[in-house]
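Trainee: Next comes entry28.pdb, PDB, C-alpha atoms:
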```
ATOM      1  CA  MET A  12      -7.418  38.936   5.675
ATOM      2  CA  GLY A  13      -4.120  38.686   3.806
ATOM      3  CA  PHE A  14      -3.840  36.971   0.422
ATOM      4  CA  PHE A  15      -2.274  33.817   1.859
ATOM      5  CA  ASP A  16      -5.198  33.444   4.249
ATOM      6  CA  ARG A  17      -7.632  33.985   1.366
ATOM      7  CA  LEU A  18      -5.704  31.432  -0.673
ATOM      8  CA  LYS A  19      -5.819  28.947   2.167
ATOM      9  CA  ALA A  20      -9.549  29.533   2.591
ATOM     10  CA  GLY A  21     -10.086  29.332  -1.169
ATOM     11  CA  LEU A  22      -8.338  25.985  -1.365
ATOM     12  CA  ALA A  23     -10.473  24.499   1.430
ATOM     13  CA  LYS A  24     -12.487  22.265  -0.940
ATOM     14  CA  THR A  25      -9.380  21.068  -2.763
ATOM     15  CA  ARG A  26      -7.569  20.509   0.528
ATOM     16  CA  GLU A  27     -10.502  18.439   1.803
ATOM     17  CA  LYS A  28     -10.445  16.316  -1.344
ATOM     18  CA  LEU A  29      -6.669  15.886  -1.523
ATOM     19  CA  ALA A  30      -4.616  16.793   1.549
ATOM     20  CA  ASP A  31      -7.167  15.818   4.194
ATOM     21  CA  LYS A  32      -7.699  12.427   2.564
ATOM     22  CA  ILE A  33      -3.955  11.900   2.470
ATOM     23  CA  ASP A  34      -3.828  12.845   6.146
ATOM     24  CA  ASP A  35      -6.518  10.313   6.958
ATOM     25  CA  LEU A  36      -4.665   7.596   5.081
ATOM     26  CA  LEU A  37      -1.363   8.345   6.768
ATOM     27  CA  ASN A  38      -2.805   8.768  10.267
ATOM     28  CA  ASN A  39      -4.496   5.395  10.019
ATOM     29  CA  SER A  40      -1.377   3.612   8.792
ATOM     30  CA  THR A  41       1.488   2.298  10.877
ATOM     31  CA  LYS A  42       3.672   1.339   7.937
ATOM     32  CA  ILE A  43       4.201   2.039   4.275
ATOM     33  CA  ASP A  44       2.959  -0.915   2.270
ATOM     34  CA  ASP A  45       1.514  -1.580  -1.189
ATOM     35  CA  GLU A  46      -2.044  -0.999   0.021
ATOM     36  CA  LEU A  47      -1.169   2.472   1.341
ATOM     37  CA  LEU A  48       0.650   3.397  -1.864
ATOM     38  CA  GLU A  49      -2.281   2.263  -4.004
ATOM     39  CA  GLU A  50      -4.716   4.337  -1.957
ATOM     40  CA  LEU A  51      -2.418   7.359  -2.198
ATOM     41  CA  GLU A  52      -2.232   6.963  -5.963
ATOM     42  CA  GLU A  53      -6.013   6.734  -6.220
ATOM     43  CA  THR A  54      -6.432   9.852  -4.068
ATOM     44  CA  LEU A  55      -4.091  11.863  -6.294
ATOM     45  CA  ILE A  56      -5.873  10.782  -9.470
ATOM     46  CA  ILE A  57      -9.401  11.537  -8.244
ATOM     47  CA  SER A  58      -8.162  14.930  -6.994
ATOM     48  CA  ASP A  59      -7.538  15.975 -10.625
ATOM     49  CA  VAL A  60      -3.763  15.916 -10.300
ATOM     50  CA  GLY A  61      -3.731  13.928 -13.535
ATOM     51  CA  THR A  62      -2.657  10.374 -14.351
ATOM     52  CA  LYS A  63       0.768  11.187 -15.778
ATOM     53  CA  THR A  64       1.652  13.538 -12.952
ATOM     54  CA  THR A  65       0.415  11.050 -10.361
ATOM     55  CA  GLU A  66       2.606   8.349 -11.888
ATOM     56  CA  LYS A  67       5.626  10.630 -11.667
ATOM     57  CA  LEU A  68       4.914  11.558  -8.044
ATOM     58  CA  MET A  69       4.429   7.939  -7.067
ATOM     59  CA  GLU A  70       7.637   6.919  -8.827
ATOM     60  CA  LYS A  71       9.550   9.527  -6.827
ATOM     61  CA  LEU A  72       7.789   8.436  -3.637
ATOM     62  CA  ARG A  73       8.756   4.797  -4.163
ATOM     63  CA  LYS A  74      12.307   5.845  -4.948
ATOM     64  CA  GLY A  75      12.417   7.841  -1.709
ATOM     65  CA  ILE A  76      11.192   4.793   0.200
ATOM     66  CA  ARG A  77      13.844   2.561  -1.364
ATOM     67  CA  LYS A  78      16.543   5.054  -0.413
ATOM     68  CA  THR A  79      15.069   5.203   3.120
ATOM     69  CA  GLU A  80      14.508   8.968   2.747
ATOM     70  CA  ILE A  81      10.902   8.154   3.682
ATOM     71  CA  LYS A  82      10.765   5.921   6.708
ATOM     72  CA  SER A  83       7.215   6.294   8.016
ATOM     73  CA  PRO A  84       3.730   7.316   6.828
ATOM     74  CA  GLN A  85       4.237  10.668   8.555
ATOM     75  CA  ASP A  86       7.190  11.422   6.245
ATOM     76  CA  VAL A  87       5.006  11.011   3.160
ATOM     77  CA  LYS A  88       3.013  14.241   3.545
ATOM     78  CA  ILE A  89       6.112  16.438   3.771
ATOM     79  CA  PHE A  90       7.682  14.566   0.864
ATOM     80  CA  LEU A  91       4.608  15.040  -1.352
ATOM     81  CA  SER A  92       4.314  18.697  -0.401
ATOM     82  CA  ASN A  93       7.950  19.294  -1.348
ATOM     83  CA  GLN A  94       7.604  17.378  -4.614
ATOM     84  CA  ILE A  95       4.495  19.312  -5.653
ATOM     85  CA  ARG A  96       6.241  22.572  -4.812
ATOM     86  CA  GLU A  97       9.205  21.576  -6.970
ATOM     87  CA  LEU A  98       6.919  20.640  -9.856
ATOM     88  CA  LEU A  99       5.241  24.032  -9.738
ATOM     89  CA  ILE A 100       8.230  26.289  -9.187
ATOM     90  CA  GLU A 101       9.115  28.326 -12.259
ATOM     91  CA  GLU A 102      11.887  30.849 -12.501
ATOM     92  CA  GLU A 103       9.893  33.970 -11.787
ATOM     93  CA  GLY A 104      10.289  37.319 -13.450
ATOM     94  CA  SER A 105       8.934  40.530 -12.051
ATOM     95  CA  ALA A 106       5.280  41.213 -12.755
ATOM     96  CA  VAL A 107       5.920  44.942 -12.436
ATOM     97  CA  ASN A 108       9.359  45.778 -13.862
ATOM     98  CA  LEU A 109       8.311  45.485 -17.496
ATOM     99  CA  THR A 110       9.685  47.189 -20.605
ATOM    100  CA  PRO A 111       6.893  49.365 -22.059
ATOM    101  CA  PRO A 112       4.789  48.921 -23.975
ATOM    102  CA  HIS A 113       4.438  45.396 -22.574
ATOM    103  CA  VAL A 114       1.740  43.521 -24.471
ATOM    104  CA  ILE A 115      -0.323  40.739 -22.888
ATOM    105  CA  LEU A 116      -2.590  38.687 -25.148
ATOM    106  CA  MET A 117      -5.436  37.059 -23.233
ATOM    107  CA  ILE A 118      -6.972  33.850 -24.577
ATOM    108  CA  GLY A 119      -9.460  31.274 -23.279
ATOM    109  CA  VAL A 120     -12.973  29.933 -23.734
ATOM    110  CA  ASN A 121     -16.031  31.973 -22.889
ATOM    111  CA  GLY A 122     -17.041  31.606 -19.259
ATOM    112  CA  ALA A 123     -13.550  31.033 -17.885
ATOM    113  CA  GLY A 124     -13.403  34.567 -16.495
ATOM    114  CA  LYS A 125     -11.192  36.130 -19.169
ATOM    115  CA  THR A 126     -12.711  39.613 -19.235
ATOM    116  CA  THR A 127     -12.903  39.779 -15.447
ATOM    117  CA  THR A 128      -9.271  38.702 -15.275
ATOM    118  CA  ILE A 129      -8.321  41.513 -17.644
ATOM    119  CA  GLY A 130     -10.045  43.937 -15.305
ATOM    120  CA  LYS A 131      -8.183  42.564 -12.296
ATOM    121  CA  LEU A 132      -4.846  42.636 -14.133
ATOM    122  CA  SER A 133      -5.566  46.219 -15.124
ATOM    123  CA  ALA A 134      -6.208  47.077 -11.475
ATOM    124  CA  TYR A 135      -3.047  45.251 -10.358
ATOM    125  CA  TYR A 136      -0.798  47.176 -12.736
ATOM    126  CA  SER A 137      -2.575  50.512 -12.250
ATOM    127  CA  GLU A 138      -2.159  50.266  -8.485
ATOM    128  CA  ARG A 139       1.567  49.860  -9.073
ATOM    129  CA  GLY A 140       1.876  53.029 -11.087
ATOM    130  CA  LYS A 141       1.573  51.569 -14.571
ATOM    131  CA  LYS A 142      -0.339  53.244 -17.366
ATOM    132  CA  VAL A 143      -2.671  50.551 -18.671
ATOM    133  CA  MET A 144      -4.616  50.177 -21.911
ATOM    134  CA  VAL A 145      -7.085  47.406 -22.760
ATOM    135  CA  ALA A 146      -8.101  46.378 -26.262
ATOM    136  CA  ALA A 147     -11.587  45.006 -26.976
ATOM    137  CA  ALA A 148     -10.630  42.493 -29.675
ATOM    138  CA  ASP A 149     -13.439  40.117 -28.699
ATOM    139  CA  THR A 150     -15.846  41.673 -31.153
ATOM    140  CA  PHE A 151     -18.042  38.582 -31.591
ATOM    141  CA  ARG A 152     -19.591  37.974 -28.185
ATOM    142  CA  ALA A 153     -22.581  40.186 -27.475
ATOM    143  CA  GLY A 154     -21.794  42.607 -24.668
ATOM    144  CA  ALA A 155     -18.075  41.788 -24.516
ATOM    145  CA  ILE A 156     -17.006  45.296 -25.515
ATOM    146  CA  ASP A 157     -19.367  46.945 -23.039
ATOM    147  CA  GLN A 158     -18.208  44.616 -20.276
ATOM    148  CA  LEU A 159     -14.561  45.470 -20.920
ATOM    149  CA  GLU A 160     -15.373  49.190 -21.037
ATOM    150  CA  VAL A 161     -16.920  48.956 -17.555
ATOM    151  CA  TRP A 162     -13.715  47.371 -16.257
ATOM    152  CA  ALA A 163     -11.614  50.058 -17.950
ATOM    153  CA  GLN A 164     -13.634  52.796 -16.279
ATOM    154  CA  ARG A 165     -13.451  51.038 -12.938
ATOM    155  CA  THR A 166      -9.666  50.630 -13.040
ATOM    156  CA  GLY A 167      -8.728  53.846 -14.819
ATOM    157  CA  ALA A 168      -7.395  52.101 -17.924
ATOM    158  CA  GLU A 169      -7.618  53.490 -21.433
ATOM    159  CA  ILE A 170      -9.577  51.397 -23.919
ATOM    160  CA  ILE A 171      -9.397  50.836 -27.654
ATOM    161  CA  LYS A 172     -12.617  49.527 -29.164
ATOM    162  CA  HIS A 173     -14.373  49.271 -32.504
ATOM    163  CA  SER A 174     -17.973  48.366 -33.211
ATOM    164  CA  GLU A 175     -19.392  44.924 -32.448
ATOM    165  CA  GLY A 176     -18.631  42.471 -35.254
ATOM    166  CA  SER A 177     -15.631  44.411 -36.536
ATOM    167  CA  ASN A 178     -12.298  42.815 -37.430
ATOM    168  CA  PRO A 179     -10.494  41.762 -34.203
ATOM    169  CA  SER A 180      -7.060  42.109 -35.821
ATOM    170  CA  SER A 181      -7.815  45.724 -36.726
ATOM    171  CA  VAL A 182      -8.634  46.428 -33.082
ATOM    172  CA  ALA A 183      -5.390  44.772 -31.986
ATOM    173  CA  LEU A 184      -3.286  46.741 -34.473
ATOM    174  CA  ASP A 185      -5.010  50.004 -33.555
ATOM    175  CA  ALA A 186      -4.335  49.294 -29.882
ATOM    176  CA  ALA A 187      -0.668  48.460 -30.502
ATOM    177  CA  ARG A 188      -0.088  51.709 -32.390
ATOM    178  CA  SER A 189      -2.030  53.709 -29.812
ATOM    179  CA  ALA A 190      -0.040  52.151 -26.970
ATOM    180  CA  VAL A 191       3.181  53.420 -28.542
ATOM    181  CA  ALA A 192       1.762  56.862 -29.273
ATOM    182  CA  ARG A 193       0.331  57.313 -25.764
ATOM    183  CA  ASN A 194       3.341  55.917 -23.857
ATOM    184  CA  ILE A 195       1.347  53.034 -22.391
ATOM    185  CA  ASP A 196       3.195  50.711 -19.994
ATOM    186  CA  VAL A 197       0.930  47.654 -20.267
ATOM    187  CA  LEU A 198      -1.439  46.779 -23.112
ATOM    188  CA  ILE A 199      -3.864  43.914 -22.394
ATOM    189  CA  VAL A 200      -5.675  42.511 -25.436
ATOM    190  CA  ASP A 201      -8.951  40.613 -25.068
ATOM    191  CA  THR A 202      -9.794  37.951 -27.670
ATOM    192  CA  ALA A 203     -12.773  35.832 -28.621
ATOM    193  CA  GLY A 204     -13.389  32.600 -26.753
ATOM    194  CA  ARG A 205     -15.670  31.063 -29.328
ATOM    195  CA  LEU A 206     -16.233  31.440 -33.072
ATOM    196  CA  GLN A 207     -18.171  29.253 -35.496
ATOM    197  CA  ASN A 208     -15.794  26.367 -34.895
ATOM    198  CA  LYS A 209     -12.453  25.618 -33.242
ATOM    199  CA  PHE A 210     -10.514  26.022 -36.501
ATOM    200  CA  ASN A 211     -11.821  29.576 -37.051
ATOM    201  CA  LEU A 212     -11.049  30.499 -33.458
ATOM    202  CA  MET A 213      -7.481  29.232 -33.635
ATOM    203  CA  GLU A 214      -6.820  30.891 -36.998
ATOM    204  CA  GLU A 215      -8.152  34.182 -35.634
ATOM    205  CA  LEU A 216      -5.800  33.948 -32.653
ATOM    206  CA  LYS A 217      -2.830  33.290 -34.935
ATOM    207  CA  LYS A 218      -3.747  36.311 -37.030
ATOM    208  CA  ILE A 219      -4.070  38.632 -34.029
ATOM    209  CA  ASN A 220      -0.740  37.374 -32.734
ATOM    210  CA  ARG A 221       0.975  38.273 -36.036
ATOM    211  CA  ILE A 222      -0.741  41.647 -36.372
ATOM    212  CA  ILE A 223       0.249  42.834 -32.884
ATOM    213  CA  GLY A 224       3.884  42.163 -33.773
ATOM    214  CA  LYS A 225       3.568  44.576 -36.686
ATOM    215  CA  GLY A 226       2.465  47.335 -34.346
ATOM    216  CA  ILE A 227       5.018  46.621 -31.597
ATOM    217  CA  SER A 228       8.194  44.698 -32.322
ATOM    218  CA  GLY A 229       8.427  41.468 -30.327
ATOM    219  CA  ALA A 230       4.799  41.638 -29.174
ATOM    220  CA  PRO A 231       2.897  39.976 -27.675
ATOM    221  CA  HIS A 232       5.362  39.582 -24.827
ATOM    222  CA  GLU A 233       3.001  37.334 -22.893
ATOM    223  CA  VAL A 234       0.190  35.034 -23.983
ATOM    224  CA  LEU A 235      -1.911  34.144 -20.961
ATOM    225  CA  LEU A 236      -4.486  31.359 -21.107
ATOM    226  CA  VAL A 237      -7.365  31.814 -18.653
ATOM    227  CA  LEU A 238      -8.687  28.548 -17.240
ATOM    228  CA  ASP A 239     -11.605  27.922 -14.907
ATOM    229  CA  ALA A 240     -10.390  25.719 -12.049
ATOM    230  CA  THR A 241     -13.890  24.299 -11.547
ATOM    231  CA  THR A 242     -13.631  22.461 -14.886
ATOM    232  CA  GLY A 243     -10.866  20.163 -13.590
ATOM    233  CA  GLN A 244      -9.286  17.938 -16.230
ATOM    234  CA  ASN A 245     -11.316  19.665 -18.967
ATOM    235  CA  ALA A 246      -9.069  22.677 -18.371
ATOM    236  CA  LEU A 247      -6.087  20.514 -19.250
ATOM    237  CA  ARG A 248      -7.721  19.644 -22.579
ATOM    238  CA  GLN A 249      -8.400  23.326 -23.234
ATOM    239  CA  ALA A 250      -4.741  24.101 -22.595
ATOM    240  CA  GLU A 251      -3.710  21.381 -25.032
ATOM    241  CA  LEU A 252      -6.026  22.831 -27.695
ATOM    242  CA  PHE A 253      -4.941  26.444 -27.339
ATOM    243  CA  SER A 254      -1.244  25.552 -27.150
ATOM    244  CA  LYS A 255      -1.482  24.260 -30.731
ATOM    245  CA  SER A 256      -2.254  27.754 -32.004
ATOM    246  CA  ALA A 257      -0.585  30.079 -29.527
ATOM    247  CA  ASP A 258       2.759  30.149 -27.777
ATOM    248  CA  ILE A 259       1.253  30.232 -24.306
ATOM    249  CA  THR A 260       3.650  31.745 -21.774
ATOM    250  CA  GLY A 261       1.485  31.229 -18.721
ATOM    251  CA  ILE A 262      -1.808  30.147 -17.188
ATOM    252  CA  VAL A 263      -4.260  32.271 -15.220
ATOM    253  CA  LEU A 264      -6.268  29.931 -13.008
ATOM    254  CA  THR A 265      -9.572  31.440 -11.885
ATOM    255  CA  LYS A 266     -12.282  30.401  -9.403
ATOM    256  CA  LEU A 267      -9.998  28.354  -7.147
ATOM    257  CA  ASP A 268     -12.224  29.330  -4.236
ATOM    258  CA  GLY A 269     -15.222  27.529  -5.695
ATOM    259  CA  THR A 270     -13.806  24.127  -6.524
ATOM    260  CA  ALA A 271     -12.393  20.904  -5.139
ATOM    261  CA  LYS A 272     -10.424  20.462  -8.365
ATOM    262  CA  GLY A 273      -7.487  22.749  -7.603
ATOM    263  CA  GLY A 274      -5.168  19.780  -7.958
ATOM    264  CA  MET A 275      -5.339  20.201 -11.740
ATOM    265  CA  ILE A 276      -2.891  23.076 -11.418
ATOM    266  CA  ILE A 277      -0.182  20.461 -10.795
ATOM    267  CA  GLY A 278      -1.012  18.404 -13.866
ATOM    268  CA  ILE A 279      -1.081  21.389 -16.216
ATOM    269  CA  LYS A 280       2.416  22.483 -15.258
ATOM    270  CA  GLU A 281       3.869  18.984 -15.365
ATOM    271  CA  GLU A 282       2.144  17.586 -18.467
ATOM    272  CA  LEU A 283       2.161  20.688 -20.679
ATOM    273  CA  ASN A 284       5.156  22.495 -19.206
ATOM    274  CA  ILE A 285       3.160  25.721 -19.036
ATOM    275  CA  PRO A 286       3.693  27.654 -15.799
ATOM    276  CA  VAL A 287       0.823  29.017 -13.767
ATOM    277  CA  LYS A 288       1.447  32.759 -13.553
ATOM    278  CA  TRP A 289      -1.665  34.093 -11.782
ATOM    279  CA  ILE A 290      -4.371  32.641  -9.554
ATOM    280  CA  GLY A 291      -7.762  33.980  -8.529
ATOM    281  CA  VAL A 292      -9.472  33.098  -5.270
ATOM    282  CA  GLY A 293     -12.420  35.462  -5.156
ATOM    283  CA  GLU A 294     -14.449  38.224  -6.760
ATOM    284  CA  GLY A 295     -12.535  41.201  -5.358
ATOM    285  CA  LEU A 296     -10.109  43.269  -7.430
ATOM    286  CA  ASP A 297      -7.244  42.179  -5.196
ATOM    287  CA  ASP A 298      -8.143  38.475  -5.313
ATOM    288  CA  LEU A 299      -5.936  37.899  -8.366
ATOM    289  CA  ARG A 300      -2.239  37.610  -7.567
ATOM    290  CA  PRO A 301       0.976  36.281  -9.117
ATOM    291  CA  PHE A 302       1.283  32.562  -8.445
ATOM    292  CA  ASN A 303       3.680  31.498  -5.699
ATOM    293  CA  ALA A 304       4.444  27.763  -5.650
ATOM    294  CA  LYS A 305       5.497  27.672  -2.000
ATOM    295  CA  GLU A 306       2.376  29.500  -0.828
ATOM    296  CA  PHE A 307       0.167  27.238  -2.931
ATOM    297  CA  ALA A 308       1.732  24.024  -1.608
ATOM    298  CA  ASP A 309       1.634  25.284   1.985
ATOM    299  CA  ALA A 310      -2.000  26.377   1.651
ATOM    300  CA  LEU A 311      -2.947  23.110  -0.064
ATOM    301  CA  PHE A 312      -1.459  20.973   2.688
ATOM    302  CA  GLY A 313      -2.473  23.316   5.506
ATOM    303  CA  LEU A 314       1.118  24.003   6.522
TER     304      LEU A 314
END
```
When written as structure tokens, how does the structure in this file appear?
Mentor:
Amino acid sequence: MGFFDRLKAGLAKTREKLADKIDDLLNNSTKIDDELLEELEETLIISDVGTKTTEKLMEKLRKGIRKTEIKSPQDVKIFLSNQIRELLIEEEGSAVNLTPPHVILMIGVNGAGKTTTIGKLSAYYSERGKKVMVAAADTFRAGAIDQLEVWAQRTGAEIIKHSEGSNPSSVALDAARSAVARNIDVLIVDTAGRLQNKFNLMEELKKINRIIGKGISGAPHEVLLVLDATTGQNALRQAELFSKSADITGIVLTKLDGTAKGGMIIGIKEELNIPVKWIGVGEGLDDLRPFNAKEFADALFGL
């Protein structure tokens, strides 16, 4: 099964909650009236698209109706699909043609799938001929270092680690210097997802961010926030929190195959202006892929 088919299968629950309900509404309507528009708006909101994003989509929909670009209920689905695609499209750079050492700082709460995502990213780059190093800078969570080491062994990546409870910034700096010395192409740095309180966590992230730049000029080149799609609108709140302490360059959305809340991907991009860069739709190493807005919209609407 190709990735698009896995994506389509993974979005089945979200499609049932969002696209199929829209289909039912449109198929049972002979005209576009206020009642239909209200039901569409309600469907978008309860599908975790987000209130602000829903308002924007509905405003564009009403504008399209006034301009007679949308003449029948059957035109609405295509219009919405195109609008969602436009909201999600980001000017894409290559995920492979990177200037080494390219440093990726991974952030996110515990349980979102951060360490697993690092393993899958490591596999993705290794399979494309890149020399990968991972840094175990989550020194607080019991077992985090061991878990990352297993992924490094599995994907052939080098690993920089210190003892549990050691200074995360020291690990990050050690990794940055080692990446230069060993001609590493991609350095992926793990970080803690929880400390004693949110303030400590955010200050630690800021510190790691500064320290990496001392080891490699301009680093980190990417700051990826890992979000669990099953948490719905809570993921949006996490993104808001982390964006206050880190210049997030992209979102990694995991566990899309296990949720009906995949619509939240639309709200995150629109409300926070943070692009989704990677999506995960399964447990396999190859089930994490660069995000493609057209594929997502087509899979979501069953096109």
Trainee: When distances are computed from all atoms listed in the file, which of A:Gly226, A:Ala183, A:Leu236, A:Gly140 shows the smallest separation from A:Ile171?
Mentor: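 For A:Ile171, the nearest of the given residues is A:Ala183.
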Trainee: Between A:Ala203, A:Ala250, A:Ile227, A:Met117, which residue has the minimum interatomic distance to A:Ile279, considering all atoms listed in the file?
Mentor: A:Ala250
Trainee: Quick one, how far is atom CA of A:Lys305 from atom CA of A:Gln249?
Mentor: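 One can read the atom CA of A:Lys305 to atom CA of A:Gln249 distance as 25.7 Å.
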Trainee: Closest to A:Thr265 among A:Ile89, A:Leu184, A:Ile43, A:Leu22, using only C-alpha atoms?
Mentor: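 Closest to A:Thr265 of all the choices is A:Leu22.
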Trainee: Quick check, in Å to one decimal: how far apart do atom CA of A:Ala240 and atom CA of A:Lys266 lie?
Mentor: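 Result for atom CA of A:Ala240 versus atom CA of A:Lys266: 5.7 Å, one decimal.
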Trainee: Which polymer residues have any atom within 9 Å of an atom of A:Gly274, counting all atoms listed in the file, with same-chain residues fewer than 2 positions away left out, as an MDAnalysis selection string?
Mentor: chainID A and resid 25:26 29 55 58:61 240 243 271:272 276:278 311
Trainee: Leaving out stretch 118-128 of chain A and any residue of its chain fewer than 2 positions from it, which residues lie within 6 Å of it when counting all atoms listed in the file, given as a PyMOL selection string?
Mentor: chain A and resi 130-131+202+204+236-239
Trainee: Selection in question (the file shown): the PyMOL selection byres ((chain A and resi 67-70) around 9). Which residues does it include, as a ChimeraX atom specification?
Mentor: /A:48,51-52,62-66,71-75,91,94-95
Trainee: Please dump the current selection as a PDB file, keeping the file's coordinate frame; keep C-alpha atoms.
Mentor:
```pdb
ATOM      1  CA  LEU A  48       0.650   3.397  -1.864  1.00  0.00           C
ATOM      2  CA  LEU A  51      -2.418   7.359  -2.198  1.00  0.00           C
ATOM      3  CA  GLU A  52      -2.232   6.963  -5.963  1.00  0.00           C
ATOM      4  CA  THR A  62      -2.657  10.374 -14.351  1.00  0.00           C
ATOM      5  CA  LYS A  63       0.768  11.187 -15.778  1.00  0.00           C
ATOM      6  CA  THR A  64       1.652  13.538 -12.952  1.00  0.00           C
ATOM      7  CA  THR A  65       0.415  11.050 -10.361  1.00  0.00           C
ATOM      8  CA  GLU A  66       2.606   8.349 -11.888  1.00  0.00           C
ATOM      9  CA  LYS A  71       9.550   9.527  -6.827  1.00  0.00           C
ATOM     10  CA  LEU A  72       7.789   8.436  -3.637  1.00  0.00           C
ATOM     11  CA  ARG A  73       8.756   4.797  -4.163  1.00  0.00           C
ATOM     12  CA  LYS A  74      12.307   5.845  -4.948  1.00  0.00           C
ATOM     13  CA  GLY A  75      12.417   7.841  -1.709  1.00  0.00           C
ATOM     14  CA  LEU A  91       4.608  15.040  -1.352  1.00  0.00           C
ATOM     15  CA  GLN A  94       7.604  17.378  -4.614  1.00  0.00           C
ATOM     16  CA  ILE A  95       4.495  19.312  -5.653  1.00  0.00           C
TER      17      ILE A  95
END
```
Trainee: Using the file's own x, y and z axes, what box holds all listed atoms of stretch 304-312 of chain A with 8 Å on each side, keeping edges along x, y and z, and what are its centre and edge lengths in Å to one decimal, as lines of an AutoDock Vina configuration file?
Mentor:
```
center_x = 1.3
center_y = 25.2
center_z = -1.5
size_x = 24.4
size_y = 24.5
size_z = 24.3
```
Trainee: Could you write out as a count of residues only the residues that the PyMOL selection byres ((chain A and resi 190) around 10) matches in the shown file?
Mentor: 27
Trainee: Can you tell me which residues surround A:Gln158 at a distance of at most 10 Å, considering only C-alpha atoms, apart from same-chain residues fewer than 2 positions away, and format the answer as JSON, numbers by chain?
Mentor: {"A": [126, 127, 130, 147, 153, 154, 155, 156, 160, 161, 162, 163]}
Trainee: Using only C-alpha atoms, find all polymer residues with an atom at most 12 Å away from the point (-2.5, 34.6, -35.5); report them as a PyMOL selection string.
Mentor: chain A and resi 116+118+179-180+183+202+210-225+230-231+234+253+255-258
Trainee: Taking the file as shown, what set of residues would the PyMOL selection byres ((chain A and resi 98) around 9) give back, as a list in words?
Mentor: Asn93, Gln94, Ile95, Arg96, Glu97, Leu99, Ile100, Glu101, Ile277, Lys280, Glu281 and Ala304 of chain A
Trainee: Which one of A:Glu53, A:Asp16, A:Glu138, A:Asp86 sits closest to A:Leu296 if you count all atoms listed in the file?
Mentor: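 Counting all atoms listed in the file, the residue closest to A:Leu296 is A:Glu138.
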Trainee: To one decimal place, how far is atom CA of A:Asp298 from atom CA of A:Thr110 in Å?
Mentor: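 Here the two named atoms are 25.1 Å from each other.
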Trainee: When distances are computed from all atoms listed in the file, which of A:Arg300, A:His232, A:Lys82, A:Lys28 shows the smallest separation from A:Val287?
Mentor: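 Ranked by minimum distance to A:Val287, first place goes to A:Arg300.
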Trainee: Which residue, A:Ile33, A:Ala148, A:Ile285, A:Ala23, has the smallest gap to A:Gly269 when you use all atoms listed in the file?
Mentor: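 Checking each candidate against A:Gly269, we get A:Ala23 as the closest.
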Trainee: Just want the 9 Å neighbourhood of A:Asp297, counted on all atoms listed in the file, with same-chain residues fewer than 5 positions away dropped. Output as a list in words.
Mentor: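 Once the adjacent positions are removed, what remains is Phe14, Lys131, Ala134, Tyr135 and Gly291 of chain A.
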